[in-house]
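One structure below.
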Amino acid sequence: MLHIVNKSPLQNGALDSCLRMAKAGSQVLLIEDAVYAATAGNACEGKIRAAMQNLQVFVLGPDLAARGLSDRVIEGVSSVDYGGFVELTIANPNCQSWL
């Protein structure tokens with residue numbers, strides 16, 4: 001299953017809910033303001049690193065670039081472009097958006 005999170009983890013509990021509910025082997029895509037969670041040195045870095053033990057974590061590259069964060073991605077988090085976003089949705093018959 002693909003879990004898509006778009007809210008900042010500092011202003012919303014969507015990421016926490018997602019990470020708590022996602023089953024091992026699932027994929028998580030961080031978009032819009034959720035990309036802050038994928039950056040080194042942020043308050044959620046430990047949660048993301050722990051989640052990567054059981055989940056694949058992706059971040060939307062254009063959203064990182066729009067926020068000037070492209071050079072701060074946590075090691076192991078994969079950046080995808082819009083085509084990669086589409087590929088993730090095609091590869092996963094079930095998608096859950098966390099609002």
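Naming works like this for the structure tokens: A, B, ... for the chains as they're shown, residue 1 at the start of each chain, ligands 1 onward in shown order.
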*Skip Asp71 of chain A itself and residues of its chain fewer than 4 positions away, then list as a list in words all residues within 9 Å of it, counting only C-alpha atoms.*
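Answer for this query is Thr39, Leu64 and Ala65 of chain A.
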Taking N, CA and C atoms for each residue, export the selection above as a compact mmCIF listing (two decimals), in the first residue's frame.
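For reference, result.txt as written:
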# COMPACT_ATOMS: atom_id res chain seq x y z
N THR A 39 13.90 15.68 6.03
CA THR A 39 15.16 16.42 6.06
C THR A 39 15.96 16.12 7.32
N LEU A 64 10.53 19.39 -2.42
CA LEU A 64 11.76 19.69 -1.68
C LEU A 64 12.44 20.91 -2.28
N ALA A 65 12.57 20.92 -3.60
CA ALA A 65 13.24 22.03 -4.29
C ALA A 65 12.51 23.35 -4.06
*Near Glu32 of chain A, within 8 Å and counting only C-alpha atoms, which residues show up once chain neighbours fewer than 5 positions away are dropped, as a ChimeraX atom specification?*
/A:6-7,60,63
Written file, previous selection with C-alpha atoms, as a PDB file, in the first residue's frame:
ATOM      1  CA  ASN A   6       0.977  16.108   2.632  1.00  0.00           C
ATOM      2  CA  LYS A   7       0.847  18.003   5.948  1.00  0.00           C
ATOM      3  CA  LEU A  60       8.578  14.402  -3.885  1.00  0.00           C
ATOM      4  CA  ASP A  63       8.343  19.944  -3.359  1.00  0.00           C
TER       5      ASP A  63
END
*Counting only C-alpha atoms, figure out which residue out of A:Ile74, A:Cys95, A:Ala50, A:Leu10 gets nearest to Gln27 of chain A.*
A:Cys95
*Using only C-alpha atoms, determine which residues lie at most 7 Å from Val5 of chain A, disregarding the query and same-chain residues fewer than 3 positions distant; provide the list as a PyMOL selection string.*
chain A and resi 14-15+29-31+34+97-99
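For the choices A:Asp33, A:Cys18, A:Ile4, A:Ile48, the atom-to-atom distance to Phe85 of chain A is smallest for A:Ile4 when using only C-alpha atoms.
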*asked:* Between A:Ala40, A:Val35, A:Ala22, A:Ile90, which residue has the minimum interatomic distance to Val59 of chain A, considering only C-alpha atoms?
replied: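 Looking only at the distances to Val59 of chain A, the closest residue turns out to be A:Val35.
With distances restricted to only C-alpha atoms, A:Leu88 is the closest residue to Val28 of chain A from A:Arg67, A:Leu88, A:Lys47, A:Ser8.
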_Need to verify the contact set: segment 75-83 of chain A, 7 Å, only C-alpha atoms, exclusion of same-chain residues closer than 6 positions in sequence. Can you return it as a PyMOL selection string?_
chain A and resi 38+57-62
*Pull the strand (DSSP E) assignments for segment 1-84 of chain A out of DSSP run on the backbone, and list those residues as a ChimeraX atom specification.*
/A:2-5,27-30,56-60,78-80
*For atom CA of Ala91 of chain A and atom CA of Ser26 of chain A, determine how far apart the two atoms are, in Å to one decimal place.*
11.4 Å
*For atom CA of Ala24 of chain A and atom CA of Met52 of chain A, determine how far apart the two atoms are, in Å to one decimal place.*
9.6 Å
*Report the distance between atom CA of Asn92 of chain A and atom CA of Leu2 of chain A in Å, rounded to one decimal place.*
5.9 Å
*Pick out each residue of chain A that DSSP on the backbone tags as alpha helix (DSSP H); I need them as a count of residues only.*
31
*Taking only C-alpha atoms into account, which of A:Lys23, A:Leu69, A:Thr89, A:Ala43 comes nearest Leu55 of chain A?*
A:Lys23
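Among the candidates A:Arg20, A:His3, A:Gly25, A:Val73, the residue lying nearest to Gln53 of chain A is A:Gly25 (atoms considered: only C-alpha atoms).
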